[in-house]
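Colleague: Input file: target.cif. Contents: mmCIF, C-alpha atoms and all ligand atoms.
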```cif
data_coords
#
loop_
_atom_site.label_atom_id
_atom_site.label_comp_id
_atom_site.auth_asym_id
_atom_site.auth_seq_id
_atom_site.Cartn_x
_atom_site.Cartn_y
_atom_site.Cartn_z
CA MET G 1 -52.39 -24.38 -46.53
CA ARG G 2 -48.82 -24.54 -45.39
CA SER G 3 -46.46 -23.98 -42.46
CA ILE G 4 -44.67 -20.67 -42.05
CA PRO G 5 -41.80 -19.62 -39.75
CA LEU G 6 -42.39 -17.58 -36.61
CA LEU G 7 -41.06 -14.06 -36.47
CA ASP G 8 -37.95 -13.96 -34.28
CA VAL G 9 -39.03 -11.32 -31.79
CA ASP G 10 -39.10 -10.84 -28.01
CA ASP G 11 -42.83 -10.60 -27.31
CA THR G 12 -42.36 -9.36 -23.74
CA LYS G 13 -40.22 -6.52 -25.02
CA VAL G 14 -42.80 -5.65 -27.69
CA PHE G 15 -45.57 -5.63 -25.07
CA ASP G 16 -43.53 -3.29 -22.85
CA GLU G 17 -42.71 -0.99 -25.75
CA ILE G 18 -46.36 -0.77 -26.78
CA THR G 19 -47.31 -0.06 -23.15
CA ALA G 20 -44.71 2.70 -22.98
CA ALA G 21 -46.05 4.19 -26.21
CA LYS G 22 -49.61 4.46 -24.84
CA ARG G 23 -50.80 7.31 -22.68
CA GLY G 24 -52.90 7.83 -19.56
CA GLN G 25 -55.31 5.14 -18.42
CA ARG G 26 -54.44 2.72 -21.21
CA ARG G 27 -50.82 2.64 -20.15
CA VAL G 28 -51.91 2.06 -16.54
CA ARG G 29 -54.25 -0.76 -17.60
CA LEU G 30 -51.68 -2.48 -19.80
CA THR G 31 -49.18 -2.29 -16.95
CA ALA G 32 -51.73 -3.84 -14.58
CA ALA G 33 -52.54 -6.58 -17.12
CA ARG G 34 -48.87 -7.40 -17.75
CA PRO G 35 -48.46 -10.33 -15.29
CA ALA G 36 -51.62 -12.07 -16.54
CA VAL G 37 -50.65 -11.46 -20.17
CA LEU G 38 -47.11 -12.82 -19.80
CA GLU G 39 -48.45 -15.86 -17.97
CA ALA G 40 -50.91 -16.41 -20.84
CA TYR G 41 -48.02 -16.18 -23.34
CA GLU G 42 -46.34 -19.06 -21.52
CA ARG G 43 -49.51 -21.16 -21.54
CA TYR G 44 -49.88 -20.55 -25.28
CA ASP G 45 -46.28 -21.64 -25.93
CA ASP G 46 -46.74 -24.76 -23.81
CA ALA G 47 -50.03 -25.75 -25.47
CA THR G 48 -49.12 -25.38 -29.16
CA PRO G 49 -50.49 -26.49 -31.51
CA GLU G 50 -53.57 -27.29 -29.38
CA VAL G 51 -54.34 -23.74 -28.30
CA GLY G 52 -58.08 -24.00 -29.06
CA ASN G 53 -59.14 -24.71 -25.48
CA LEU G 54 -56.76 -22.38 -23.69
CA ALA G 55 -58.01 -20.90 -20.39
CA HIS G 56 -58.77 -17.21 -20.57
CA ALA G 57 -56.61 -14.73 -18.68
CA VAL G 58 -58.42 -12.97 -15.84
CA LEU G 59 -58.67 -9.35 -16.98
CA THR G 60 -60.98 -6.44 -16.31
CA ALA G 61 -63.10 -5.05 -19.14
CA PRO G 62 -60.98 -1.85 -19.33
CA GLN G 63 -57.81 -3.97 -19.50
CA GLU G 64 -59.33 -5.99 -22.34
CA GLU G 65 -60.19 -2.76 -24.13
CA ALA G 66 -56.61 -1.52 -23.68
CA LEU G 67 -55.24 -4.79 -25.11
CA ASN G 68 -57.45 -4.57 -28.19
CA HIS G 69 -56.49 -0.92 -28.50
CA ALA G 70 -52.82 -1.99 -28.46
CA PHE G 71 -53.40 -3.83 -31.74
CA ASN G 72 -56.10 -1.68 -33.35
CA VAL G 73 -54.65 1.77 -32.76
CA GLU G 74 -51.09 1.52 -33.90
CA THR G 75 -48.04 2.69 -32.06
CA ALA G 76 -44.51 2.70 -33.50
CA PRO G 77 -43.59 -0.70 -31.94
CA MET G 78 -46.84 -2.30 -33.19
CA THR G 79 -46.33 -0.86 -36.68
CA GLU G 80 -42.76 -2.18 -36.65
CA MET G 81 -43.88 -5.68 -35.61
CA ARG G 82 -46.64 -5.74 -38.26
CA ARG G 83 -44.16 -4.69 -40.90
CA SER G 84 -41.57 -7.24 -39.76
CA ILE G 85 -44.11 -10.07 -39.87
CA LEU G 86 -45.49 -9.18 -43.29
CA LYS G 87 -42.32 -8.17 -45.15
CA ARG G 88 -40.83 -11.68 -45.16
CA ILE G 89 -40.86 -13.37 -48.56
CA SER G 90 -41.62 -16.70 -46.83
CA VAL G 91 -45.08 -15.42 -45.87
CA ALA G 92 -45.81 -13.27 -48.92
CA ARG G 93 -48.41 -15.78 -50.08
CA CYS G 94 -51.26 -16.48 -47.66
CA PRO G 95 -50.56 -19.70 -45.70
CA PHE G 96 -54.27 -20.42 -45.18
CA CYS G 97 -55.18 -20.60 -48.88
CA GLY G 98 -51.95 -20.48 -50.91
CA ILE G 99 -53.64 -18.17 -53.40
CA SER G 100 -53.46 -14.51 -52.47
CA GLU G 101 -51.01 -12.02 -51.04
CA SER G 102 -50.68 -11.84 -47.25
CA SER G 103 -51.75 -8.30 -46.47
CA THR G 104 -53.35 -8.59 -43.02
CA LEU G 105 -52.68 -10.17 -39.63
CA ASP G 106 -55.20 -12.72 -38.43
CA HIS G 107 -55.48 -13.46 -34.71
CA TYR G 108 -55.49 -17.26 -34.69
CA LEU G 109 -57.23 -17.00 -31.31
CA PRO G 110 -59.55 -14.05 -31.98
CA LYS G 111 -58.68 -10.97 -29.96
CA GLU G 112 -62.30 -10.43 -28.96
CA GLN G 113 -62.21 -13.74 -27.07
CA TYR G 114 -58.53 -13.69 -26.15
CA PRO G 115 -57.47 -10.03 -25.82
CA GLU G 116 -54.33 -11.20 -23.98
CA PHE G 117 -52.97 -12.42 -27.34
CA SER G 118 -53.82 -9.30 -29.34
CA VAL G 119 -50.14 -8.36 -29.83
CA PHE G 120 -48.56 -11.81 -29.27
CA SER G 121 -46.62 -12.61 -32.47
CA PRO G 122 -47.14 -16.43 -32.43
CA ASN G 123 -50.89 -15.73 -32.52
CA LEU G 124 -50.60 -13.28 -35.43
CA VAL G 125 -50.87 -15.11 -38.74
CA PRO G 126 -50.01 -13.13 -41.87
CA CYS G 127 -52.76 -13.89 -44.37
CA CYS G 128 -54.90 -12.54 -47.19
CA SER G 129 -57.95 -10.44 -46.59
CA PRO G 130 -60.46 -13.01 -48.03
CA CYS G 131 -59.19 -15.67 -45.57
CA ASN G 132 -59.12 -13.25 -42.63
CA THR G 133 -62.69 -12.16 -43.33
CA ARG G 134 -63.98 -15.71 -43.63
CA LYS G 135 -62.19 -16.99 -40.53
CA ARG G 136 -63.62 -14.33 -38.24
CA ASP G 137 -64.08 -15.43 -34.61
CA LYS G 138 -64.22 -19.19 -35.12
CA ILE G 139 -61.88 -21.51 -33.19
CA LEU G 140 -63.34 -24.94 -32.36
CA ASP G 141 -66.01 -27.21 -33.80
CA ASP G 142 -68.94 -27.21 -31.33
CA GLU G 143 -69.52 -30.94 -31.58
CA THR G 144 -66.07 -32.48 -32.00
CA ASP G 145 -63.95 -29.84 -30.20
CA VAL G 146 -61.51 -30.11 -33.11
CA ARG G 147 -59.81 -26.89 -34.20
CA LEU G 148 -61.51 -25.51 -37.31
CA PHE G 149 -58.37 -24.10 -38.92
CA VAL G 150 -54.81 -25.17 -39.43
CA HIS G 151 -52.38 -23.03 -37.40
CA PRO G 152 -49.64 -22.14 -39.91
CA HIS G 153 -47.13 -21.41 -37.13
CA PHE G 154 -47.48 -24.69 -35.27
CA ASP G 155 -49.40 -27.41 -37.10
CA GLN G 156 -47.50 -30.00 -39.08
CA ILE G 157 -49.26 -29.95 -42.45
CA PRO G 158 -49.58 -33.59 -43.59
CA THR G 159 -47.24 -34.43 -46.42
CA THR G 160 -49.44 -37.24 -47.72
CA LEU G 161 -51.79 -36.22 -50.50
CA PHE G 162 -55.13 -34.98 -49.13
CA LEU G 163 -56.17 -32.46 -51.78
CA ALA G 164 -57.84 -33.88 -54.88
CA ALA G 165 -59.03 -32.25 -58.09
CA ASP G 166 -61.58 -33.61 -60.55
CA VAL G 167 -61.70 -32.66 -64.21
CA ASP G 168 -64.78 -33.03 -66.37
CA LEU G 169 -63.97 -32.19 -69.96
CA ARG G 170 -67.02 -31.24 -71.99
CA ALA G 171 -67.39 -30.25 -75.63
CA ASP G 172 -67.07 -26.55 -74.97
CA ALA G 173 -65.94 -26.29 -71.36
CA ILE G 174 -63.75 -27.69 -68.64
CA VAL G 175 -65.41 -28.30 -65.28
CA LEU G 176 -63.01 -28.37 -62.32
CA SER G 177 -63.59 -29.17 -58.69
CA PHE G 178 -61.39 -29.54 -55.61
CA ARG G 179 -62.00 -31.56 -52.45
CA VAL G 180 -60.23 -32.85 -49.34
CA THR G 181 -59.76 -36.61 -49.03
CA ARG G 182 -58.61 -38.75 -46.12
CA PRO G 183 -55.49 -40.75 -46.96
CA ALA G 184 -54.82 -44.04 -45.17
CA GLY G 185 -53.27 -43.46 -41.78
CA MET G 186 -54.47 -39.88 -41.32
CA ALA G 187 -55.99 -39.30 -37.87
CA LEU G 188 -59.69 -38.43 -37.92
CA ALA G 189 -59.14 -35.16 -36.04
CA THR G 190 -56.51 -34.07 -38.59
CA PHE G 191 -58.89 -34.85 -41.43
CA GLN G 192 -61.77 -32.99 -39.74
CA SER G 193 -59.56 -29.97 -39.19
CA LEU G 194 -58.46 -29.93 -42.84
CA GLN G 195 -62.06 -30.35 -43.97
CA SER G 196 -63.39 -27.46 -41.91
CA HIS G 197 -60.44 -25.27 -42.91
CA PHE G 198 -61.23 -26.04 -46.55
CA ARG G 199 -64.99 -25.53 -46.17
CA LEU G 200 -65.01 -22.38 -44.04
CA LEU G 201 -62.41 -20.60 -46.18
CA ASP G 202 -64.40 -21.58 -49.28
CA LEU G 203 -61.30 -23.10 -50.85
CA ALA G 204 -63.15 -25.41 -53.27
CA ASP G 205 -64.69 -22.48 -55.10
CA ARG G 206 -61.66 -20.21 -54.76
CA TYR G 207 -59.30 -22.89 -56.13
CA ARG G 208 -61.73 -23.68 -58.94
CA ARG G 209 -61.97 -20.06 -60.05
CA MET G 210 -58.24 -19.38 -59.74
CA ALA G 211 -57.41 -22.64 -61.54
CA LEU G 212 -59.61 -21.69 -64.51
CA GLU G 213 -58.10 -18.22 -64.58
CA HIS G 214 -54.59 -19.70 -64.41
CA LEU G 215 -55.22 -22.28 -67.13
CA GLY G 216 -56.50 -19.62 -69.50
CA GLY G 217 -52.96 -18.20 -69.41
CA GLN G 218 -51.44 -21.59 -70.15
CA TYR G 219 -53.30 -22.24 -73.40
CA ARG G 220 -50.54 -21.08 -75.71
CA ALA G 221 -47.87 -23.10 -73.87
CA LEU G 222 -50.02 -26.24 -74.10
CA LYS G 223 -50.65 -25.61 -77.78
CA ARG G 224 -46.89 -25.26 -78.39
CA ALA G 225 -46.17 -28.51 -76.55
CA TYR G 226 -48.84 -30.31 -78.60
CA GLY G 227 -47.36 -28.89 -81.80
CA PRO G 228 -48.32 -29.63 -85.40
CA GLY G 229 -47.59 -33.31 -84.70
CA GLU G 230 -50.35 -33.36 -82.05
CA ASP G 231 -48.03 -34.86 -79.47
CA ALA G 232 -50.24 -35.69 -76.48
CA ASP G 233 -47.34 -37.40 -74.67
CA ARG G 234 -45.37 -34.17 -74.73
CA VAL G 235 -48.30 -32.25 -73.25
CA GLU G 236 -48.62 -34.89 -70.56
CA SER G 237 -44.93 -34.77 -69.67
CA GLU G 238 -44.88 -30.95 -69.60
CA LEU G 239 -47.85 -30.96 -67.21
CA ALA G 240 -46.24 -33.66 -65.05
CA LEU G 241 -42.96 -31.73 -64.89
CA THR G 242 -44.74 -28.56 -63.82
CA ALA G 243 -46.66 -30.56 -61.19
CA GLU G 244 -43.36 -31.91 -59.89
CA ASP G 245 -41.83 -28.43 -59.75
CA PHE G 246 -44.76 -27.16 -57.67
CA GLU G 247 -44.66 -30.24 -55.42
CA LYS G 248 -40.96 -29.79 -54.75
CA ARG G 249 -41.34 -26.11 -53.99
CA TYR G 250 -44.68 -25.93 -52.18
CA GLY G 251 -45.60 -29.51 -51.25
CA GLU G 252 -47.88 -32.21 -52.63
CA ASN G 253 -51.04 -30.46 -51.50
CA TYR G 254 -50.40 -27.11 -53.15
CA TRP G 255 -53.46 -26.46 -55.28
CA LEU G 256 -51.50 -25.81 -58.50
CA ALA G 257 -49.45 -28.99 -58.01
CA VAL G 258 -52.69 -30.97 -57.64
CA LEU G 259 -54.21 -29.23 -60.66
CA TYR G 260 -51.25 -29.98 -62.95
CA ARG G 261 -50.92 -33.57 -61.71
CA THR G 262 -54.62 -34.21 -62.33
CA LEU G 263 -54.50 -32.70 -65.81
CA SER G 264 -51.42 -34.74 -66.69
CA PHE G 265 -53.46 -37.89 -65.99
CA ASN G 266 -56.33 -36.75 -68.22
CA GLU G 267 -55.68 -38.25 -71.67
CA ALA G 268 -58.43 -36.30 -73.42
CA PHE G 269 -57.15 -33.01 -72.03
CA CYS G 270 -53.59 -33.78 -73.15
CA ASN G 271 -54.77 -34.93 -76.55
CA GLY G 272 -56.12 -31.57 -77.67
CA GLY G 273 -58.85 -31.27 -75.03
CA PHE G 274 -57.02 -28.19 -73.75
CA GLU G 275 -58.53 -26.40 -76.80
CA VAL G 276 -61.52 -25.54 -74.59
CA LEU G 277 -59.19 -23.02 -72.90
CA ASN G 278 -58.74 -21.08 -76.14
CA GLY G 279 -60.04 -17.56 -75.74
CA ARG G 280 -60.73 -17.93 -72.01
ZN ZN X 1 -55.76 -16.67 -47.93
#
```
Once more with this new file: its structure as structure tokens, please.
Ligand SMILES: [Zn+2]
Modeller:
Amino acid sequence: MRSIPLLDVDDTKVFDEITAAKRGQRRVRLTAARPAVLEAYERYDDATPEVGNLAHAVLTAPQEEALNHAFNVETAPMTEMRRSILKRISVARCPFCGISESSTLDHYLPKEQYPEFSVFSPNLVPCCSPCNTRKRDKILDDETDVRLFVHPHFDQIPTTLFLAADVDLRADAIVLSFRVTRPAGMALATFQSLQSHFRLLDLADRYRRMALEHLGGQYRALKRAYGPGEDADRVESELALTAEDFEKRYGENYWLAVLYRTLSFNEAFCNGGFEVLNGR
């Protein structure tokens, strides 16, 4: 999970262009909804990042349908905004998981509950399809009222280490697991939000599988570093350097940074234990 920049766009202009591109009753309904929608945009901007409890705009059912239609049935201005959001290299990798390609737009506040934000760019998070599918219509935890997901446009992602990996090296296999921890000084609500984000997007299992797949491709490089002299220190320093590169580029909590750092600390893995990756 990581922060991403907002698209520099005039959302009022986009709304008006989409309205103009619609026909008949939908254009009439979007025009009628305009004051309530623009007022809601302001409330969203004022509330960030705590948008989870935002009051709903007062809209008629046909206006809500027209707003959802504005996103679901594309017009030239909507297509242009979608393309502009997704084409940026800075969001090419999904900010929710850090694994897959961003190919869809998630409504941080779901459009079924908040149709007024269906084409509001700050609410449109470029992300991968697995994350979008898992996130669905969830916003707040019923009991704690804490937001269930990090908002990549507005939340400050903690820079202290909160993602941990565990390595269990067995005779013929490597068992990996990932979890969220609570570093000293982290507010409880922040921790709860990270935990639910991690759990609901199934990141433990997705990181585990992708890490094993990734490591399979690293076997030959590890073997080269180890060399005929069986230099475990060299393997360790190569792993640590790669961890540092990932940390510098993507932050301490990037899953590959955590993976490499954890492996660099594992003496058995560095001292030939990586052989379990051979043929994987
Ligand atoms: Zn994702």
Colleague: Looking at G:Val125, G:Cys131, G:Met1, G:Val258, which one is nearest to ligand ZN 1 (chain X), with distances taken over only C-alpha atoms and all ligand atoms?
Modeller: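 Closest candidate: G:Cys131.
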Colleague: Show me which residues line ligand ZN 1 (chain X), defined as having an atom within 8 Å of a ligand atom where only C-alpha atoms and all ligand atoms count, and present them as a PDB file with C-alpha atoms, in the coordinates of the input.
Modeller:
```
ATOM      1  CA  ARG G  93     -48.410 -15.780 -50.080  1.00  0.00           C
ATOM      2  CA  CYS G  94     -51.260 -16.480 -47.660  1.00  0.00           C
ATOM      3  CA  PRO G  95     -50.560 -19.700 -45.700  1.00  0.00           C
ATOM      4  CA  PHE G  96     -54.270 -20.420 -45.180  1.00  0.00           C
ATOM      5  CA  CYS G  97     -55.180 -20.600 -48.880  1.00  0.00           C
ATOM      6  CA  GLY G  98     -51.950 -20.480 -50.910  1.00  0.00           C
ATOM      7  CA  ILE G  99     -53.640 -18.170 -53.400  1.00  0.00           C
ATOM      8  CA  SER G 100     -53.460 -14.510 -52.470  1.00  0.00           C
ATOM      9  CA  GLU G 101     -51.010 -12.020 -51.040  1.00  0.00           C
ATOM     10  CA  SER G 102     -50.680 -11.840 -47.250  1.00  0.00           C
ATOM     11  CA  CYS G 127     -52.760 -13.890 -44.370  1.00  0.00           C
ATOM     12  CA  CYS G 128     -54.900 -12.540 -47.190  1.00  0.00           C
ATOM     13  CA  SER G 129     -57.950 -10.440 -46.590  1.00  0.00           C
ATOM     14  CA  PRO G 130     -60.460 -13.010 -48.030  1.00  0.00           C
ATOM     15  CA  CYS G 131     -59.190 -15.670 -45.570  1.00  0.00           C
ATOM     16  CA  ASN G 132     -59.120 -13.250 -42.630  1.00  0.00           C
ATOM     17  CA  LEU G 201     -62.410 -20.600 -46.180  1.00  0.00           C
TER      18      LEU G 201
END
```
Colleague: Given the choices G:Gly279, G:Pro35, G:Pro49, G:Gly251, which gets closest to Pro152 (chain G) if the distance is worked out from all atoms listed in the file?
Modeller: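 Smallest separation from Pro152 (chain G) among the options: G:Pro49.
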Colleague: Let me make sure I understand: among G:Lys223, G:Arg23, G:Arg134, G:His69, which one has the smallest atom-to-atom distance to Pro115 (chain G) if we use all atoms listed in the file?
Modeller: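 Of the candidates, the smallest distance to Pro115 (chain G) is held by G:His69.
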Colleague: Which residue, G:Arg27, G:Arg224, G:His151, G:Lys248, has the smallest gap to Pro62 (chain G) when you use only C-alpha atoms?
Modeller: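 Once distances to Pro62 (chain G) are computed over only C-alpha atoms, the minimum belongs to G:Arg27.
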Colleague: If you count all atoms listed in the file, which residues fall within 10 Å of Cys270 (chain G), apart from same-chain ones fewer than 2 positions away, as a list in words?
Modeller: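 Those residues are Leu222, Lys223, Ala225, Tyr226, Glu230, Asp231, Ala232, Asp233, Arg234, Val235, Glu236, Ser237, Glu238, Leu239, Leu263, Ser264, Phe265, Asn266, Glu267, Ala268, Gly272, Gly273, Phe274 and Glu275 of chain G.
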Colleague: Looking at G:Arg26, G:Arg136, G:His214, G:Arg199, which one is nearest to Ala61 (chain G), with distances taken over only C-alpha atoms?
Modeller: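 The shortest atom-to-atom distance to Ala61 (chain G) comes from G:Arg26.
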Colleague: List as a count of residues only the protein and nucleic acid residues near Asp142 (chain G), meaning an atom at most 12 Å away when all atoms listed in the file are counted, but skip any in the same chain fewer than 6 places from it.
Modeller: 4
Colleague: Between G:Glu252, G:Glu213, G:Asp155, G:Asp166, which one has atoms that come closest to Ile4 (chain G), using all atoms listed in the file?
Modeller: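 Under the stated criterion, the closest residue is G:Asp155.
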Colleague: Excluding Leu203 (chain G) and its own-chain neighbours fewer than 4 positions away, which residues fall within 9 Å of it when counting all atoms listed in the file? Please give them as a list in words.
Modeller: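 Using all atoms listed in the file, the neighbours found are Cys97, Phe178, Arg179, His197, Phe198, Arg199, Tyr207 and Arg208 of chain G.
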Colleague: Considering only C-alpha atoms, return as JSON, numbers by chain whatever protein or nucleic-acid residues lie within 8 Å of Ala243 (chain G), sequence-local ones (same chain, fewer than 5 positions apart) excluded.
Modeller: {"G": [256, 257, 258, 259, 260, 261]}
Colleague: I want to know what sits within 10 Å of Leu194 (chain G), based on only C-alpha atoms, with residues of the same chain fewer than 2 positions away left out; could you give that as a VMD selection string?
Modeller: chain G and resid 1 147 to 150 157 to 158 162 to 163 180 to 182 188 to 192 196 to 199
Colleague: Please save C-alpha atoms of the selected residues as a PDB file, in the coordinates of the input.
Modeller:
```pdb
ATOM      1  CA  MET G   1     -52.390 -24.380 -46.530  1.00  0.00           C
ATOM      2  CA  ARG G 147     -59.810 -26.890 -34.200  1.00  0.00           C
ATOM      3  CA  LEU G 148     -61.510 -25.510 -37.310  1.00  0.00           C
ATOM      4  CA  PHE G 149     -58.370 -24.100 -38.920  1.00  0.00           C
ATOM      5  CA  VAL G 150     -54.810 -25.170 -39.430  1.00  0.00           C
ATOM      6  CA  ILE G 157     -49.260 -29.950 -42.450  1.00  0.00           C
ATOM      7  CA  PRO G 158     -49.580 -33.590 -43.590  1.00  0.00           C
ATOM      8  CA  PHE G 162     -55.130 -34.980 -49.130  1.00  0.00           C
ATOM      9  CA  LEU G 163     -56.170 -32.460 -51.780  1.00  0.00           C
ATOM     10  CA  VAL G 180     -60.230 -32.850 -49.340  1.00  0.00           C
ATOM     11  CA  THR G 181     -59.760 -36.610 -49.030  1.00  0.00           C
ATOM     12  CA  ARG G 182     -58.610 -38.750 -46.120  1.00  0.00           C
ATOM     13  CA  LEU G 188     -59.690 -38.430 -37.920  1.00  0.00           C
ATOM     14  CA  ALA G 189     -59.140 -35.160 -36.040  1.00  0.00           C
ATOM     15  CA  THR G 190     -56.510 -34.070 -38.590  1.00  0.00           C
ATOM     16  CA  PHE G 191     -58.890 -34.850 -41.430  1.00  0.00           C
ATOM     17  CA  GLN G 192     -61.770 -32.990 -39.740  1.00  0.00           C
ATOM     18  CA  SER G 196     -63.390 -27.460 -41.910  1.00  0.00           C
ATOM     19  CA  HIS G 197     -60.440 -25.270 -42.910  1.00  0.00           C
ATOM     20  CA  PHE G 198     -61.230 -26.040 -46.550  1.00  0.00           C
ATOM     21  CA  ARG G 199     -64.990 -25.530 -46.170  1.00  0.00           C
TER      22      ARG G 199
END
```
Colleague: Enter the distance from CA of Ala55 (chain G) to CA of Glu39 (chain G), in Å, rounded to one decimal.
Modeller: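 Distance reported for this atom pair: 11.1 Å.
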